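Notes to accompany the following structure.
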Amino acid sequence: MRARRHRFRAALVGLALAGCAHGPTGEEGRPPFPLTDAAPHVEPDLVGAVHRVKRGETVYRIARTYGITPRELLEVNDLRDPRQLAVGMELFIPGATRSMEVPALPAGALPEREEVEPPAPGPEQVRLRWPVRGVLYSRFGMRQGERHDGIDISAPEGTLVGAAADGTVLYTGRQSGYGWIVILRHEGAFVTLYAHASAILVNQGDRVKAGQPIARVGTSGRTSGPHLHFEVREGTRPRNPLFFLP
């Protein structure tokens with residue numbers, strides 16, 4: 001997503017939208033993971049490299065070259081099936097410090113049969129609910145050569161944003177690029193992040209139920225229009241939200 005304009009909304013916007021809404025007048029401490037300044041979306045620092053797929057390469061062989069599991073490679077790049085791999089595709093390789101050459105198959109050797117389990121939330125089978133009704137227009141993974149650690153859902157400004165699961169409000173505040181944000185902590189070391197809000201409806205430390213309104217869709221931070229930027233993290237590790245949603 002390329003920013004076409006900058007809009008900055010303060011607490012008065014939230015008050016106009018709802019009597020109980022508020023926008024913090026400044027950062028409330030520090031968020032639980034680093035949010036560095038970059039435009040138009042801010043992506044926390046994560047070590048990795050970009051690999052451009054060449055003819056003859058497979059998910060299994062790329063993953064083996066970089067020392068990660070095929071399942072992790074699929075999830076990080078928003079792929080559900082190894083057959084989605086295409087020549088020229090850019091893959092983000094978590095933990096890599098440089099791009100590497102994938103060894104070619106020996107002459108006459110047959111390609112490995114790829115039987116990779118589709119990515120899944122984890123052993124607890126964590127399931128989330130959609131935080132807002134709208135149009136999914138930007139997915140998790142590599143986008144125009146840059147990493148995108150969440151999904152973007154377009155919705156009218158002021159639309160209520162609901163908690164994706166039961167949890168505790170870990171952080172509310174304004175961060176460069178993200179605008180007004182809410183971060184919730186859930187069971188199993190999972191956290192969810194909701195960005196670009198026009199109003200925040202909860203306070204740090206509040207307990208919330210799945211579906212409970214926590215914010216309103218807005219254009220705070222750097223955006224090209226009203227939408228929700230939604231992230232899921234296991235600890236500080238970005239996870240693909242679409243693998244947790246129905």
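Labels for the structure tokens follow display order: chains A, B, ..., residues from 1 in each chain, ligands from 1.
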
Report as an NGL selection string all protein, DNA and RNA residues lying within 7 Å of Phe244 in chain A, evaluated on only C-alpha atoms, omitting residues in the same chain fewer than 3 positions from it.
:A and (121 or 126-128 or 241)

When you count only C-alpha atoms, which of these residues is closest to Asn203 in chain A: A:Asp149, A:Asn240, A:Leu79, A:Leu170?
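Smallest separation from Asn203 in chain A among the options: A:Leu170.
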
Can you list every residue in range 72-209 of chain A that DSSP puts in strand (DSSP E), as a ChimeraX atom specification?
/A:90-94,135-138,141-143,146-148,151-154,160-162,167-175,179-185,190-200,207-208

Could you pull the residues within 12 Å of Gly95 in chain A, counting only C-alpha atoms, minus those fewer than 5 positions along the same chain, as a PyMOL selection string?
chain A and resi 45-50+63+66-69+72-73+76+237

Using the selection just defined, write its residues with N, CA and C atoms as a PDB file, in the first residue's frame.
```pdb
ATOM      1  N   ASP A  45      11.138  -4.722  13.422  1.00  0.00           N
ATOM      2  CA  ASP A  45      12.371  -5.334  12.938  1.00  0.00           C
ATOM      3  C   ASP A  45      12.307  -6.852  13.050  1.00  0.00           C
ATOM      4  N   LEU A  46      12.606  -7.539  11.978  1.00  0.00           N
ATOM      5  CA  LEU A  46      12.623  -8.991  11.963  1.00  0.00           C
ATOM      6  C   LEU A  46      13.741  -9.414  11.030  1.00  0.00           C
ATOM      7  N   VAL A  47      14.678 -10.204  11.534  1.00  0.00           N
ATOM      8  CA  VAL A  47      15.816 -10.624  10.722  1.00  0.00           C
ATOM      9  C   VAL A  47      15.341 -11.570   9.630  1.00  0.00           C
ATOM     10  N   GLY A  48      15.779 -11.324   8.427  1.00  0.00           N
ATOM     11  CA  GLY A  48      15.404 -12.196   7.320  1.00  0.00           C
ATOM     12  C   GLY A  48      15.973 -11.672   6.026  1.00  0.00           C
ATOM     13  N   ALA A  49      15.794 -12.441   4.973  1.00  0.00           N
ATOM     14  CA  ALA A  49      16.283 -12.070   3.651  1.00  0.00           C
ATOM     15  C   ALA A  49      15.208 -12.417   2.627  1.00  0.00           C
ATOM     16  N   VAL A  50      15.340 -11.832   1.447  1.00  0.00           N
ATOM     17  CA  VAL A  50      14.392 -12.091   0.363  1.00  0.00           C
ATOM     18  C   VAL A  50      15.031 -13.045  -0.642  1.00  0.00           C
ATOM     19  N   ALA A  63      13.504 -24.372   1.569  1.00  0.00           N
ATOM     20  CA  ALA A  63      13.486 -24.433   3.029  1.00  0.00           C
ATOM     21  C   ALA A  63      14.721 -25.149   3.564  1.00  0.00           C
ATOM     22  N   TYR A  66      17.882 -22.998   3.533  1.00  0.00           N
ATOM     23  CA  TYR A  66      17.956 -21.949   4.559  1.00  0.00           C
ATOM     24  C   TYR A  66      17.806 -22.488   5.977  1.00  0.00           C
ATOM     25  N   GLY A  67      17.611 -23.792   6.112  1.00  0.00           N
ATOM     26  CA  GLY A  67      17.525 -24.382   7.444  1.00  0.00           C
ATOM     27  C   GLY A  67      16.238 -24.085   8.189  1.00  0.00           C
ATOM     28  N   ILE A  68      15.122 -23.921   7.464  1.00  0.00           N
ATOM     29  CA  ILE A  68      13.826 -23.741   8.105  1.00  0.00           C
ATOM     30  C   ILE A  68      12.886 -24.835   7.614  1.00  0.00           C
ATOM     31  N   THR A  69      11.717 -24.932   8.227  1.00  0.00           N
ATOM     32  CA  THR A  69      10.778 -25.967   7.811  1.00  0.00           C
ATOM     33  C   THR A  69       9.947 -25.479   6.631  1.00  0.00           C
ATOM     34  N   GLU A  72       6.931 -23.480   7.805  1.00  0.00           N
ATOM     35  CA  GLU A  72       7.178 -22.087   8.187  1.00  0.00           C
ATOM     36  C   GLU A  72       7.333 -21.216   6.945  1.00  0.00           C
ATOM     37  N   LEU A  73       8.020 -21.724   5.936  1.00  0.00           N
ATOM     38  CA  LEU A  73       8.208 -20.971   4.702  1.00  0.00           C
ATOM     39  C   LEU A  73       6.864 -20.657   4.052  1.00  0.00           C
ATOM     40  N   VAL A  76       4.849 -17.887   6.355  1.00  0.00           N
ATOM     41  CA  VAL A  76       5.426 -16.543   6.320  1.00  0.00           C
ATOM     42  C   VAL A  76       5.122 -15.858   4.990  1.00  0.00           C
ATOM     43  N   ARG A 237       6.831 -12.953  17.311  1.00  0.00           N
ATOM     44  CA  ARG A 237       6.905 -13.508  15.953  1.00  0.00           C
ATOM     45  C   ARG A 237       5.604 -13.266  15.191  1.00  0.00           C
TER      46      ARG A 237
END
```
